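Dropping final15.pdb in here (PDB, N, CA and C atoms):
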```
MODEL        1
ATOM      1  N   MET A   3       1.483 -23.196  -2.125
ATOM      2  CA  MET A   3       1.480 -21.986  -2.915
ATOM      3  C   MET A   3       2.398 -22.189  -4.116
ATOM      4  N   LYS A   4       1.980 -21.718  -5.258
ATOM      5  CA  LYS A   4       2.763 -21.833  -6.487
ATOM      6  C   LYS A   4       3.513 -20.526  -6.718
ATOM      7  N   ILE A   5       4.821 -20.615  -6.956
ATOM      8  CA  ILE A   5       5.672 -19.460  -7.201
ATOM      9  C   ILE A   5       5.917 -19.334  -8.700
ATOM     10  N   HIS A   6       5.696 -18.138  -9.246
ATOM     11  CA  HIS A   6       5.939 -17.863 -10.659
ATOM     12  C   HIS A   6       7.020 -16.788 -10.743
ATOM     13  N   ASN A   7       8.118 -17.094 -11.396
ATOM     14  CA  ASN A   7       9.198 -16.126 -11.573
ATOM     15  C   ASN A   7       8.927 -15.270 -12.798
ATOM     16  N   TYR A   8       9.369 -14.013 -12.751
ATOM     17  CA  TYR A   8       9.208 -13.128 -13.902
ATOM     18  C   TYR A   8      10.178 -13.549 -14.991
ATOM     19  N   GLU A   9       9.649 -13.667 -16.208
ATOM     20  CA  GLU A   9      10.484 -14.002 -17.353
ATOM     21  C   GLU A   9      10.466 -12.859 -18.349
ATOM     22  N   SER A  10      11.607 -12.617 -18.977
ATOM     23  CA  SER A  10      11.696 -11.585 -20.008
ATOM     24  C   SER A  10      10.923 -12.046 -21.236
ATOM     25  N   SER A  11      10.768 -11.169 -22.198
ATOM     26  CA  SER A  11      10.046 -11.530 -23.425
ATOM     27  C   SER A  11      10.754 -12.657 -24.181
ATOM     28  N   SER A  12      12.056 -12.810 -23.954
ATOM     29  CA  SER A  12      12.797 -13.891 -24.610
ATOM     30  C   SER A  12      12.752 -15.194 -23.803
ATOM     31  N   GLY A  13      12.072 -15.167 -22.640
ATOM     32  CA  GLY A  13      11.927 -16.378 -21.841
ATOM     33  C   GLY A  13      12.962 -16.557 -20.751
ATOM     34  N   ARG A  14      13.846 -15.581 -20.565
ATOM     35  CA  ARG A  14      14.871 -15.666 -19.507
ATOM     36  C   ARG A  14      14.243 -15.456 -18.144
ATOM     37  N   ASP A  15      14.568 -16.300 -17.185
ATOM     38  CA  ASP A  15      14.067 -16.191 -15.812
ATOM     39  C   ASP A  15      14.938 -15.176 -15.072
ATOM     40  N   LEU A  16      14.442 -13.952 -14.941
ATOM     41  CA  LEU A  16      15.256 -12.868 -14.387
ATOM     42  C   LEU A  16      15.482 -13.002 -12.881
ATOM     43  N   ILE A  17      14.563 -13.610 -12.167
ATOM     44  CA  ILE A  17      14.733 -13.812 -10.725
ATOM     45  C   ILE A  17      15.834 -14.848 -10.490
ATOM     46  N   LEU A  18      15.763 -15.960 -11.207
ATOM     47  CA  LEU A  18      16.784 -16.999 -11.073
ATOM     48  C   LEU A  18      18.152 -16.478 -11.508
ATOM     49  N   ASP A  19      18.196 -15.690 -12.567
ATOM     50  CA  ASP A  19      19.462 -15.086 -13.000
ATOM     51  C   ASP A  19      20.081 -14.252 -11.882
ATOM     52  N   TYR A  20      19.255 -13.445 -11.219
ATOM     53  CA  TYR A  20      19.750 -12.614 -10.120
ATOM     54  C   TYR A  20      20.327 -13.497  -9.005
ATOM     55  N   ILE A  21      19.563 -14.503  -8.616
ATOM     56  CA  ILE A  21      19.989 -15.379  -7.515
ATOM     57  C   ILE A  21      21.290 -16.108  -7.860
ATOM     58  N   MET A  22      21.407 -16.585  -9.077
ATOM     59  CA  MET A  22      22.595 -17.350  -9.463
ATOM     60  C   MET A  22      23.870 -16.495  -9.493
ATOM     61  N   ASN A  23      23.723 -15.184  -9.513
ATOM     62  CA  ASN A  23      24.888 -14.296  -9.488
ATOM     63  C   ASN A  23      25.278 -13.851  -8.083
ATOM     64  N   LEU A  24      24.607 -14.367  -7.070
ATOM     65  CA  LEU A  24      24.917 -14.033  -5.684
ATOM     66  C   LEU A  24      26.039 -14.930  -5.160
ATOM     67  N   THR A  25      26.557 -14.600  -3.978
ATOM     68  CA  THR A  25      27.543 -15.472  -3.329
ATOM     69  C   THR A  25      26.841 -16.764  -2.909
ATOM     70  N   GLU A  26      27.606 -17.788  -2.596
ATOM     71  CA  GLU A  26      27.020 -19.073  -2.201
ATOM     72  C   GLU A  26      26.106 -18.928  -0.981
ATOM     73  N   GLU A  27      26.556 -18.164   0.015
ATOM     74  CA  GLU A  27      25.735 -17.935   1.221
ATOM     75  C   GLU A  27      24.394 -17.297   0.863
ATOM     76  N   GLU A  28      24.456 -16.290   0.006
ATOM     77  CA  GLU A  28      23.247 -15.585  -0.394
ATOM     78  C   GLU A  28      22.328 -16.473  -1.225
ATOM     79  N   LYS A  29      22.903 -17.317  -2.094
ATOM     80  CA  LYS A  29      22.104 -18.254  -2.893
ATOM     81  C   LYS A  29      21.333 -19.195  -1.989
ATOM     82  N   VAL A  30      22.025 -19.767  -1.000
ATOM     83  CA  VAL A  30      21.383 -20.703  -0.070
ATOM     84  C   VAL A  30      20.225 -20.010   0.637
ATOM     85  N   ASP A  31      20.455 -18.791   1.096
ATOM     86  CA  ASP A  31      19.412 -18.037   1.788
ATOM     87  C   ASP A  31      18.246 -17.732   0.844
ATOM     88  N   ALA A  32      18.554 -17.328  -0.384
ATOM     89  CA  ALA A  32      17.501 -17.005  -1.366
ATOM     90  C   ALA A  32      16.634 -18.226  -1.647
ATOM     91  N   PHE A  33      17.257 -19.374  -1.879
ATOM     92  CA  PHE A  33      16.470 -20.577  -2.169
ATOM     93  C   PHE A  33      15.669 -21.029  -0.952
ATOM     94  N   SER A  34      16.209 -20.786   0.234
ATOM     95  CA  SER A  34      15.479 -21.087   1.462
ATOM     96  C   SER A  34      14.235 -20.195   1.578
ATOM     97  N   VAL A  35      14.391 -18.930   1.247
ATOM     98  CA  VAL A  35      13.259 -17.993   1.267
ATOM     99  C   VAL A  35      12.193 -18.435   0.273
ATOM    100  N   LEU A  36      12.609 -18.793  -0.936
ATOM    101  CA  LEU A  36      11.652 -19.239  -1.956
ATOM    102  C   LEU A  36      10.936 -20.513  -1.535
ATOM    103  N   GLU A  37      11.666 -21.418  -0.890
ATOM    104  CA  GLU A  37      11.054 -22.655  -0.394
ATOM    105  C   GLU A  37      10.019 -22.353   0.689
ATOM    106  N   ASP A  38      10.349 -21.448   1.615
ATOM    107  CA  ASP A  38       9.393 -21.055   2.655
ATOM    108  C   ASP A  38       8.149 -20.417   2.036
ATOM    109  N   MET A  39       8.342 -19.594   1.028
ATOM    110  CA  MET A  39       7.204 -18.972   0.347
ATOM    111  C   MET A  39       6.325 -20.031  -0.299
ATOM    112  N   GLU A  40       6.952 -20.974  -0.965
ATOM    113  CA  GLU A  40       6.211 -22.042  -1.649
ATOM    114  C   GLU A  40       5.432 -22.906  -0.659
ATOM    115  N   ASN A  41       5.995 -23.085   0.525
ATOM    116  CA  ASN A  41       5.343 -23.900   1.556
ATOM    117  C   ASN A  41       4.405 -23.099   2.449
ATOM    118  N   GLY A  42       4.203 -21.829   2.116
ATOM    119  CA  GLY A  42       3.266 -21.006   2.869
ATOM    120  C   GLY A  42       3.761 -20.578   4.239
ATOM    121  N   LYS A  43       5.070 -20.585   4.449
ATOM    122  CA  LYS A  43       5.654 -20.204   5.744
ATOM    123  C   LYS A  43       6.061 -18.729   5.740
ATOM    124  N   MET A  44       5.133 -17.871   5.374
ATOM    125  CA  MET A  44       5.422 -16.442   5.260
ATOM    126  C   MET A  44       5.754 -15.815   6.612
ATOM    127  N   ASP A  45       5.216 -16.385   7.695
ATOM    128  CA  ASP A  45       5.480 -15.832   9.026
ATOM    129  C   ASP A  45       6.934 -16.019   9.453
ATOM    130  N   CYS A  46       7.680 -16.895   8.778
ATOM    131  CA  CYS A  46       9.101 -17.114   9.085
ATOM    132  C   CYS A  46      10.005 -16.123   8.353
ATOM    133  N   LEU A  47       9.435 -15.333   7.454
ATOM    134  CA  LEU A  47      10.221 -14.449   6.604
ATOM    135  C   LEU A  47      10.085 -12.995   7.021
ATOM    136  N   THR A  48      11.045 -12.191   6.596
ATOM    137  CA  THR A  48      10.982 -10.750   6.826
ATOM    138  C   THR A  48      10.356 -10.116   5.591
ATOM    139  N   THR A  49       9.093  -9.754   5.712
ATOM    140  CA  THR A  49       8.358  -9.164   4.595
ATOM    141  C   THR A  49       7.741  -7.842   5.025
ATOM    142  N   LYS A  50       7.427  -7.025   4.039
ATOM    143  CA  LYS A  50       6.656  -5.821   4.323
ATOM    144  C   LYS A  50       5.975  -5.373   3.041
ATOM    145  N   ARG A  51       4.853  -4.679   3.229
ATOM    146  CA  ARG A  51       4.151  -4.133   2.070
ATOM    147  C   ARG A  51       5.016  -3.018   1.504
ATOM    148  N   TRP A  52       5.216  -3.041   0.196
ATOM    149  CA  TRP A  52       6.052  -2.042  -0.442
ATOM    150  C   TRP A  52       5.207  -0.904  -0.999
ATOM    151  N   TYR A  53       4.271  -1.251  -1.895
ATOM    152  CA  TYR A  53       3.439  -0.231  -2.529
ATOM    153  C   TYR A  53       2.229  -0.937  -3.134
ATOM    154  N   GLY A  54       1.040  -0.422  -2.860
ATOM    155  CA  GLY A  54      -0.169  -1.065  -3.371
ATOM    156  C   GLY A  54      -0.260  -2.485  -2.834
ATOM    157  N   LYS A  55      -0.402  -3.442  -3.728
ATOM    158  CA  LYS A  55      -0.478  -4.857  -3.333
ATOM    159  C   LYS A  55       0.846  -5.580  -3.536
ATOM    160  N   VAL A  56       1.891  -4.800  -3.757
ATOM    161  CA  VAL A  56       3.227  -5.370  -3.950
ATOM    162  C   VAL A  56       3.930  -5.441  -2.600
ATOM    163  N   TRP A  57       4.510  -6.604  -2.323
ATOM    164  CA  TRP A  57       5.255  -6.845  -1.084
ATOM    165  C   TRP A  57       6.710  -7.083  -1.422
ATOM    166  N   GLU A  58       7.549  -7.017  -0.398
ATOM    167  CA  GLU A  58       8.953  -7.371  -0.572
ATOM    168  C   GLU A  58       9.370  -8.299   0.556
ATOM    169  N   VAL A  59      10.249  -9.216   0.213
ATOM    170  CA  VAL A  59      10.821 -10.131   1.202
ATOM    171  C   VAL A  59      12.322  -9.889   1.193
ATOM    172  N   TYR A  60      12.880  -9.776   2.405
ATOM    173  CA  TYR A  60      14.315  -9.512   2.559
ATOM    174  C   TYR A  60      15.050 -10.808   2.852
ATOM    175  N   PHE A  61      16.291 -10.871   2.374
ATOM    176  CA  PHE A  61      17.164 -11.967   2.781
ATOM    177  C   PHE A  61      18.603 -11.477   2.814
ATOM    178  N   ARG A  62      19.521 -12.321   3.157
ATOM    179  CA  ARG A  62      20.913 -12.011   3.476
ATOM    180  C   ARG A  62      21.529 -10.862   2.664
ATOM    181  N   LYS A  63      22.297 -10.025   3.369
ATOM    182  CA  LYS A  63      23.078  -8.927   2.785
ATOM    183  C   LYS A  63      22.217  -7.924   2.008
ATOM    184  N   HIS A  64      21.068  -7.594   2.525
ATOM    185  CA  HIS A  64      20.207  -6.553   1.962
ATOM    186  C   HIS A  64      19.613  -6.892   0.594
ATOM    187  N   ASN A  65      19.487  -8.161   0.282
ATOM    188  CA  ASN A  65      18.820  -8.560  -0.951
ATOM    189  C   ASN A  65      17.325  -8.572  -0.706
ATOM    190  N   ARG A  66      16.567  -8.347  -1.754
ATOM    191  CA  ARG A  66      15.123  -8.432  -1.600
ATOM    192  C   ARG A  66      14.471  -8.817  -2.912
ATOM    193  N   ILE A  67      13.299  -9.408  -2.756
ATOM    194  CA  ILE A  67      12.497  -9.822  -3.901
ATOM    195  C   ILE A  67      11.126  -9.184  -3.744
ATOM    196  N   PHE A  68      10.648  -8.545  -4.800
ATOM    197  CA  PHE A  68       9.325  -7.939  -4.810
ATOM    198  C   PHE A  68       8.343  -8.955  -5.389
ATOM    199  N   TYR A  69       7.158  -9.035  -4.804
ATOM    200  CA  TYR A  69       6.192 -10.032  -5.259
ATOM    201  C   TYR A  69       4.761  -9.580  -5.010
ATOM    202  N   VAL A  70       3.825 -10.249  -5.682
ATOM    203  CA  VAL A  70       2.397 -10.080  -5.418
ATOM    204  C   VAL A  70       1.804 -11.477  -5.260
ATOM    205  N   THR A  71       0.820 -11.575  -4.386
ATOM    206  CA  THR A  71       0.114 -12.838  -4.201
ATOM    207  C   THR A  71      -1.283 -12.683  -4.775
ATOM    208  N   VAL A  72      -1.655 -13.624  -5.623
ATOM    209  CA  VAL A  72      -2.957 -13.601  -6.272
ATOM    210  C   VAL A  72      -3.779 -14.766  -5.738
ATOM    211  N   ASP A  73      -4.955 -14.519  -5.300
ATOM    212  CA  ASP A  73      -5.928 -15.507  -4.818
ATOM    213  C   ASP A  73      -5.383 -16.482  -3.771
ATOM    214  N   GLY A  74      -4.356 -16.102  -3.055
ATOM    215  CA  GLY A  74      -3.826 -16.922  -1.967
ATOM    216  C   GLY A  74      -3.083 -18.172  -2.394
ATOM    217  N   MET A  75      -3.102 -18.486  -3.676
ATOM    218  CA  MET A  75      -2.462 -19.720  -4.137
ATOM    219  C   MET A  75      -1.279 -19.473  -5.078
ATOM    220  N   ASP A  76      -1.273 -18.344  -5.748
ATOM    221  CA  ASP A  76      -0.221 -18.044  -6.711
ATOM    222  C   ASP A  76       0.528 -16.781  -6.303
ATOM    223  N   THR A  77       1.852 -16.886  -6.253
ATOM    224  CA  THR A  77       2.701 -15.743  -5.952
ATOM    225  C   THR A  77       3.582 -15.483  -7.165
ATOM    226  N   TYR A  78       3.599 -14.236  -7.593
ATOM    227  CA  TYR A  78       4.383 -13.830  -8.751
ATOM    228  C   TYR A  78       5.554 -12.977  -8.287
ATOM    229  N   LEU A  79       6.768 -13.443  -8.560
ATOM    230  CA  LEU A  79       7.975 -12.702  -8.219
ATOM    231  C   LEU A  79       8.238 -11.720  -9.358
ATOM    232  N   LEU A  80       8.296 -10.442  -9.023
ATOM    233  CA  LEU A  80       8.399  -9.397 -10.036
ATOM    234  C   LEU A  80       9.832  -8.941 -10.292
ATOM    235  N   HIS A  81      10.627  -8.833  -9.227
ATOM    236  CA  HIS A  81      11.959  -8.249  -9.371
ATOM    237  C   HIS A  81      12.798  -8.620  -8.155
ATOM    238  N   ALA A  82      14.087  -8.768  -8.357
ATOM    239  CA  ALA A  82      15.023  -9.022  -7.263
ATOM    240  C   ALA A  82      16.172  -8.027  -7.384
ATOM    241  N   CYS A  83      16.615  -7.508  -6.235
ATOM    242  CA  CYS A  83      17.709  -6.533  -6.253
ATOM    243  C   CYS A  83      18.346  -6.457  -4.871
ATOM    244  N   ARG A  84      19.432  -5.723  -4.810
ATOM    245  CA  ARG A  84      20.119  -5.461  -3.554
ATOM    246  C   ARG A  84      19.710  -4.077  -3.085
ATOM    247  N   LYS A  85      19.278  -3.981  -1.834
ATOM    248  CA  LYS A  85      18.912  -2.684  -1.275
ATOM    249  C   LYS A  85      20.200  -1.962  -0.914
ATOM    250  N   GLN A  86      20.380  -0.765  -1.480
ATOM    251  CA  GLN A  86      21.618  -0.048  -1.260
ATOM    252  C   GLN A  86      21.444   1.233  -0.468
ATOM    253  N   LYS A  87      20.236   1.718  -0.395
ATOM    254  CA  LYS A  87      19.955   2.948   0.354
ATOM    255  C   LYS A  87      18.706   2.723   1.187
ATOM    256  N   ASN A  88      18.276   3.747   1.887
ATOM    257  CA  ASN A  88      17.054   3.626   2.684
ATOM    258  C   ASN A  88      15.809   3.547   1.823
ATOM    259  N   LYS A  89      15.897   4.045   0.596
ATOM    260  CA  LYS A  89      14.764   4.012  -0.315
ATOM    261  C   LYS A  89      15.082   3.095  -1.484
ATOM    262  N   THR A  90      14.028   2.638  -2.144
ATOM    263  CA  THR A  90      14.211   1.829  -3.338
ATOM    264  C   THR A  90      14.811   2.694  -4.448
ATOM    265  N   GLU A  91      15.833   2.181  -5.098
ATOM    266  CA  GLU A  91      16.447   2.896  -6.215
ATOM    267  C   GLU A  91      15.385   3.177  -7.278
ATOM    268  N   LYS A  92      15.487   4.315  -7.929
ATOM    269  CA  LYS A  92      14.495   4.724  -8.920
ATOM    270  C   LYS A  92      14.354   3.677 -10.037
ATOM    271  N   LYS A  93      15.480   3.156 -10.503
ATOM    272  CA  LYS A  93      15.474   2.152 -11.573
ATOM    273  C   LYS A  93      14.701   0.904 -11.125
ATOM    274  N   ASP A  94      14.960   0.443  -9.893
ATOM    275  CA  ASP A  94      14.281  -0.743  -9.378
ATOM    276  C   ASP A  94      12.790  -0.469  -9.166
ATOM    277  N   LYS A  95      12.480   0.703  -8.648
ATOM    278  CA  LYS A  95      11.083   1.090  -8.434
ATOM    279  C   LYS A  95      10.312   1.067  -9.750
ATOM    280  N   ASN A  96      10.893   1.671 -10.780
ATOM    281  CA  ASN A  96      10.240   1.705 -12.085
ATOM    282  C   ASN A  96      10.051   0.306 -12.660
ATOM    283  N   THR A  97      11.039  -0.561 -12.457
ATOM    284  CA  THR A  97      10.951  -1.938 -12.941
ATOM    285  C   THR A  97       9.807  -2.679 -12.250
ATOM    286  N   VAL A  98       9.716  -2.553 -10.929
ATOM    287  CA  VAL A  98       8.656  -3.238 -10.171
ATOM    288  C   VAL A  98       7.284  -2.740 -10.604
ATOM    289  N   ILE A  99       7.130  -1.432 -10.712
ATOM    290  CA  ILE A  99       5.835  -0.862 -11.101
ATOM    291  C   ILE A  99       5.442  -1.325 -12.507
ATOM    292  N   LYS A 100       6.382  -1.289 -13.435
ATOM    293  CA  LYS A 100       6.113  -1.721 -14.810
ATOM    294  C   LYS A 100       5.666  -3.185 -14.839
ATOM    295  N   ARG A 101       6.375  -4.037 -14.121
ATOM    296  CA  ARG A 101       6.044  -5.465 -14.131
ATOM    297  C   ARG A 101       4.724  -5.748 -13.413
ATOM    298  N   ALA A 102       4.439  -5.014 -12.340
ATOM    299  CA  ALA A 102       3.173  -5.188 -11.626
ATOM    300  C   ALA A 102       2.000  -4.792 -12.520
ATOM    301  N   LYS A 103       2.162  -3.713 -13.258
ATOM    302  CA  LYS A 103       1.102  -3.280 -14.180
ATOM    303  C   LYS A 103       0.934  -4.277 -15.315
ATOM    304  N   GLU A 104       2.047  -4.768 -15.833
ATOM    305  CA  GLU A 104       2.026  -5.763 -16.906
ATOM    306  C   GLU A 104       1.284  -7.021 -16.446
ATOM    307  N   LEU A 105       1.629  -7.507 -15.251
ATOM    308  CA  LEU A 105       0.960  -8.688 -14.694
ATOM    309  C   LEU A 105      -0.516  -8.402 -14.444
ATOM    310  N   GLY A 106      -0.815  -7.202 -13.939
ATOM    311  CA  GLY A 106      -2.197  -6.809 -13.697
ATOM    312  C   GLY A 106      -3.027  -6.837 -14.972
ATOM    313  N   ASN A 107      -2.458  -6.378 -16.065
ATOM    314  CA  ASN A 107      -3.159  -6.405 -17.346
ATOM    315  C   ASN A 107      -3.424  -7.829 -17.808
ATOM    316  N   ILE A 108      -2.471  -8.704 -17.611
ATOM    317  CA  ILE A 108      -2.626 -10.108 -18.012
ATOM    318  C   ILE A 108      -3.707 -10.790 -17.163
ATOM    319  N   LEU A 109      -3.678 -10.551 -15.848
ATOM    320  CA  LEU A 109      -4.601 -11.227 -14.923
ATOM    321  C   LEU A 109      -5.906 -10.448 -14.694
ATOM    322  N   LYS A 110      -6.010  -9.294 -15.331
ATOM    323  CA  LYS A 110      -7.211  -8.422 -15.138
ATOM    324  C   LYS A 110      -7.389  -8.041 -13.676
ATOM    325  N   ARG A 111      -6.266  -7.634 -13.037
ATOM    326  CA  ARG A 111      -6.255  -7.228 -11.633
ATOM    327  C   ARG A 111      -5.479  -5.927 -11.499
ATOM    328  N   ASN A 112      -5.667  -5.257 -10.382
ATOM    329  CA  ASN A 112      -4.918  -4.040 -10.076
ATOM    330  C   ASN A 112      -3.975  -4.304  -8.905
ATOM    331  N   PHE A 113      -2.672  -4.172  -9.123
ATOM    332  CA  PHE A 113      -1.699  -4.378  -8.064
ATOM    333  C   PHE A 113      -1.067  -3.049  -7.621
ATOM    334  N   ILE A 114      -1.066  -2.088  -8.519
ATOM    335  CA  ILE A 114      -0.466  -0.776  -8.222
ATOM    336  C   ILE A 114      -1.550   0.268  -8.314
TER     337      ILE A 114
ENDMDL
END
```
Starting from the file, lay out its structure as structure tokens.
Amino acid sequence: MKIHNYESSSGRDLILDYIMNLTEEEKVDAFSVLEDMENGKMDCLTTKRWYGKVWEVYFRKHNRIFYVTVDGMDTYLLHACRKQKNKTEKKDKNTVIKRAKELGNILKRNFI
């Protein structure tokens, strides 16, 4: 499976930026999660459907990454954040929805 990280309009990899600002333990766990995703080992991860065709994967200390899988071969990482409450923060929710729609327009698909 090919993993595509979300990049800003200036080309910054926002998922990698988030991961690099974590503690060392969390970084190791995050890269392990990404490696499992790339190798198709989704059954080893803690995932759940978030909204529409958007999923989330959890890792150490309440971190999570929102993603969509397209055609079984390409996974697009939309947003990464720390879960702080029982519900997704409004700011994070809006970011995920915006990016899912943006990706949907590019790929001519509906994710939300």
Counting only N, CA and C atoms, which residue out of A:Leu79, A:Ala102, A:Leu16, A:Ala32 sits closest to Tyr60 of chain A?
A:Ala32
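What the PyMOL selection byres ((chain A and resi 48-57) around 8) matches in the given file is Met44, Asp45, Cys46, Leu47, Glu58, Val59, Tyr60, Phe61, Ile67, Phe68, Tyr69, Val70, Thr71, Ala102, Asn112, Phe113 and Ile114 of chain A.
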Taking only chain A into account, list the residues labelled strand (DSSP E or B) by DSSP (computed from the backbone), as JSON, numbers by chain.
{"A": [4, 5, 6, 7, 9, 15, 48, 49, 50, 51, 52, 53, 56, 57, 58, 59, 60, 61, 65, 66, 67, 68, 69, 70, 71, 72, 76, 77, 78, 79, 80, 81, 82, 83, 84]}
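Evaluated against the shown file, the PyMOL selection byres ((chain A and resi 19-31) around 8) gives Arg14, Asp15, Leu16, Ile17, Leu18, Ala32, Phe33, Ser34, Val35, Leu36, Glu37, Tyr60, Phe61, Arg62, Lys63, Ala82 and Cys83 of chain A.
Rounded to one decimal, atom N of Glu104 of chain A and atom CA of Gly13 of chain A lie 16.4 Å from each other.
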In chain A, what's alpha helix (DSSP H) per DSSP? Answer as a ChimeraX atom specification?
/A:16-22,26-40,92-109
Residues as selected, N, CA and C atoms, written as a tab-separated table (two decimals), in the coordinates of the input, can you do that?
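again-v9.tsv was written with the following content:
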```tsv
chain	number	residue	atom	x	y	z
A	16	LEU	N	14.44	-13.95	-14.94
A	16	LEU	CA	15.26	-12.87	-14.39
A	16	LEU	C	15.48	-13.00	-12.88
A	17	ILE	N	14.56	-13.61	-12.17
A	17	ILE	CA	14.73	-13.81	-10.72
A	17	ILE	C	15.83	-14.85	-10.49
A	18	LEU	N	15.76	-15.96	-11.21
A	18	LEU	CA	16.78	-17.00	-11.07
A	18	LEU	C	18.15	-16.48	-11.51
A	19	ASP	N	18.20	-15.69	-12.57
A	19	ASP	CA	19.46	-15.09	-13.00
A	19	ASP	C	20.08	-14.25	-11.88
A	20	TYR	N	19.26	-13.44	-11.22
A	20	TYR	CA	19.75	-12.61	-10.12
A	20	TYR	C	20.33	-13.50	-9.01
A	21	ILE	N	19.56	-14.50	-8.62
A	21	ILE	CA	19.99	-15.38	-7.52
A	21	ILE	C	21.29	-16.11	-7.86
A	22	MET	N	21.41	-16.58	-9.08
A	22	MET	CA	22.60	-17.35	-9.46
A	22	MET	C	23.87	-16.50	-9.49
A	26	GLU	N	27.61	-17.79	-2.60
A	26	GLU	CA	27.02	-19.07	-2.20
A	26	GLU	C	26.11	-18.93	-0.98
A	27	GLU	N	26.56	-18.16	0.02
A	27	GLU	CA	25.74	-17.93	1.22
A	27	GLU	C	24.39	-17.30	0.86
A	28	GLU	N	24.46	-16.29	0.01
A	28	GLU	CA	23.25	-15.58	-0.39
A	28	GLU	C	22.33	-16.47	-1.23
A	29	LYS	N	22.90	-17.32	-2.09
A	29	LYS	CA	22.10	-18.25	-2.89
A	29	LYS	C	21.33	-19.20	-1.99
A	30	VAL	N	22.02	-19.77	-1.00
A	30	VAL	CA	21.38	-20.70	-0.07
A	30	VAL	C	20.23	-20.01	0.64
A	31	ASP	N	20.45	-18.79	1.10
A	31	ASP	CA	19.41	-18.04	1.79
A	31	ASP	C	18.25	-17.73	0.84
A	32	ALA	N	18.55	-17.33	-0.38
A	32	ALA	CA	17.50	-17.00	-1.37
A	32	ALA	C	16.63	-18.23	-1.65
A	33	PHE	N	17.26	-19.37	-1.88
A	33	PHE	CA	16.47	-20.58	-2.17
A	33	PHE	C	15.67	-21.03	-0.95
A	34	SER	N	16.21	-20.79	0.23
A	34	SER	CA	15.48	-21.09	1.46
A	34	SER	C	14.24	-20.20	1.58
A	35	VAL	N	14.39	-18.93	1.25
A	35	VAL	CA	13.26	-17.99	1.27
A	35	VAL	C	12.19	-18.43	0.27
A	36	LEU	N	12.61	-18.79	-0.94
A	36	LEU	CA	11.65	-19.24	-1.96
A	36	LEU	C	10.94	-20.51	-1.54
A	37	GLU	N	11.67	-21.42	-0.89
A	37	GLU	CA	11.05	-22.66	-0.39
A	37	GLU	C	10.02	-22.35	0.69
A	38	ASP	N	10.35	-21.45	1.62
A	38	ASP	CA	9.39	-21.06	2.66
A	38	ASP	C	8.15	-20.42	2.04
A	39	MET	N	8.34	-19.59	1.03
A	39	MET	CA	7.20	-18.97	0.35
A	39	MET	C	6.32	-20.03	-0.30
A	40	GLU	N	6.95	-20.97	-0.96
A	40	GLU	CA	6.21	-22.04	-1.65
A	40	GLU	C	5.43	-22.91	-0.66
A	92	LYS	N	15.49	4.32	-7.93
A	92	LYS	CA	14.50	4.72	-8.92
A	92	LYS	C	14.35	3.68	-10.04
A	93	LYS	N	15.48	3.16	-10.50
A	93	LYS	CA	15.47	2.15	-11.57
A	93	LYS	C	14.70	0.90	-11.12
A	94	ASP	N	14.96	0.44	-9.89
A	94	ASP	CA	14.28	-0.74	-9.38
A	94	ASP	C	12.79	-0.47	-9.17
A	95	LYS	N	12.48	0.70	-8.65
A	95	LYS	CA	11.08	1.09	-8.43
A	95	LYS	C	10.31	1.07	-9.75
A	96	ASN	N	10.89	1.67	-10.78
A	96	ASN	CA	10.24	1.70	-12.08
A	96	ASN	C	10.05	0.31	-12.66
A	97	THR	N	11.04	-0.56	-12.46
A	97	THR	CA	10.95	-1.94	-12.94
A	97	THR	C	9.81	-2.68	-12.25
A	98	VAL	N	9.72	-2.55	-10.93
A	98	VAL	CA	8.66	-3.24	-10.17
A	98	VAL	C	7.28	-2.74	-10.60
A	99	ILE	N	7.13	-1.43	-10.71
A	99	ILE	CA	5.84	-0.86	-11.10
A	99	ILE	C	5.44	-1.32	-12.51
A	100	LYS	N	6.38	-1.29	-13.44
A	100	LYS	CA	6.11	-1.72	-14.81
A	100	LYS	C	5.67	-3.18	-14.84
A	101	ARG	N	6.38	-4.04	-14.12
A	101	ARG	CA	6.04	-5.46	-14.13
A	101	ARG	C	4.72	-5.75	-13.41
A	102	ALA	N	4.44	-5.01	-12.34
A	102	ALA	CA	3.17	-5.19	-11.63
A	102	ALA	C	2.00	-4.79	-12.52
A	103	LYS	N	2.16	-3.71	-13.26
A	103	LYS	CA	1.10	-3.28	-14.18
A	103	LYS	C	0.93	-4.28	-15.32
A	104	GLU	N	2.05	-4.77	-15.83
A	104	GLU	CA	2.03	-5.76	-16.91
A	104	GLU	C	1.28	-7.02	-16.45
A	105	LEU	N	1.63	-7.51	-15.25
A	105	LEU	CA	0.96	-8.69	-14.69
A	105	LEU	C	-0.52	-8.40	-14.44
A	106	GLY	N	-0.82	-7.20	-13.94
A	106	GLY	CA	-2.20	-6.81	-13.70
A	106	GLY	C	-3.03	-6.84	-14.97
A	107	ASN	N	-2.46	-6.38	-16.07
A	107	ASN	CA	-3.16	-6.40	-17.35
A	107	ASN	C	-3.42	-7.83	-17.81
A	108	ILE	N	-2.47	-8.70	-17.61
A	108	ILE	CA	-2.63	-10.11	-18.01
A	108	ILE	C	-3.71	-10.79	-17.16
A	109	LEU	N	-3.68	-10.55	-15.85
A	109	LEU	CA	-4.60	-11.23	-14.92
A	109	LEU	C	-5.91	-10.45	-14.69
```
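For the pair atom CA of Lys4 of chain A and atom CA of Asp76 of chain A, the interatomic distance is 4.8 Å.
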For Asp94 of chain A: contacts at 8 Å, only N, CA and C atoms, fewer than 3 positions along chain excluded, given as a PyMOL selection string:
chain A and resi 81-83+90-91+97-100
Point-to-point distance from atom CA of Lys89 of chain A to atom CA of Leu109 of chain A, Å rounded to tenths:
28.6 Å
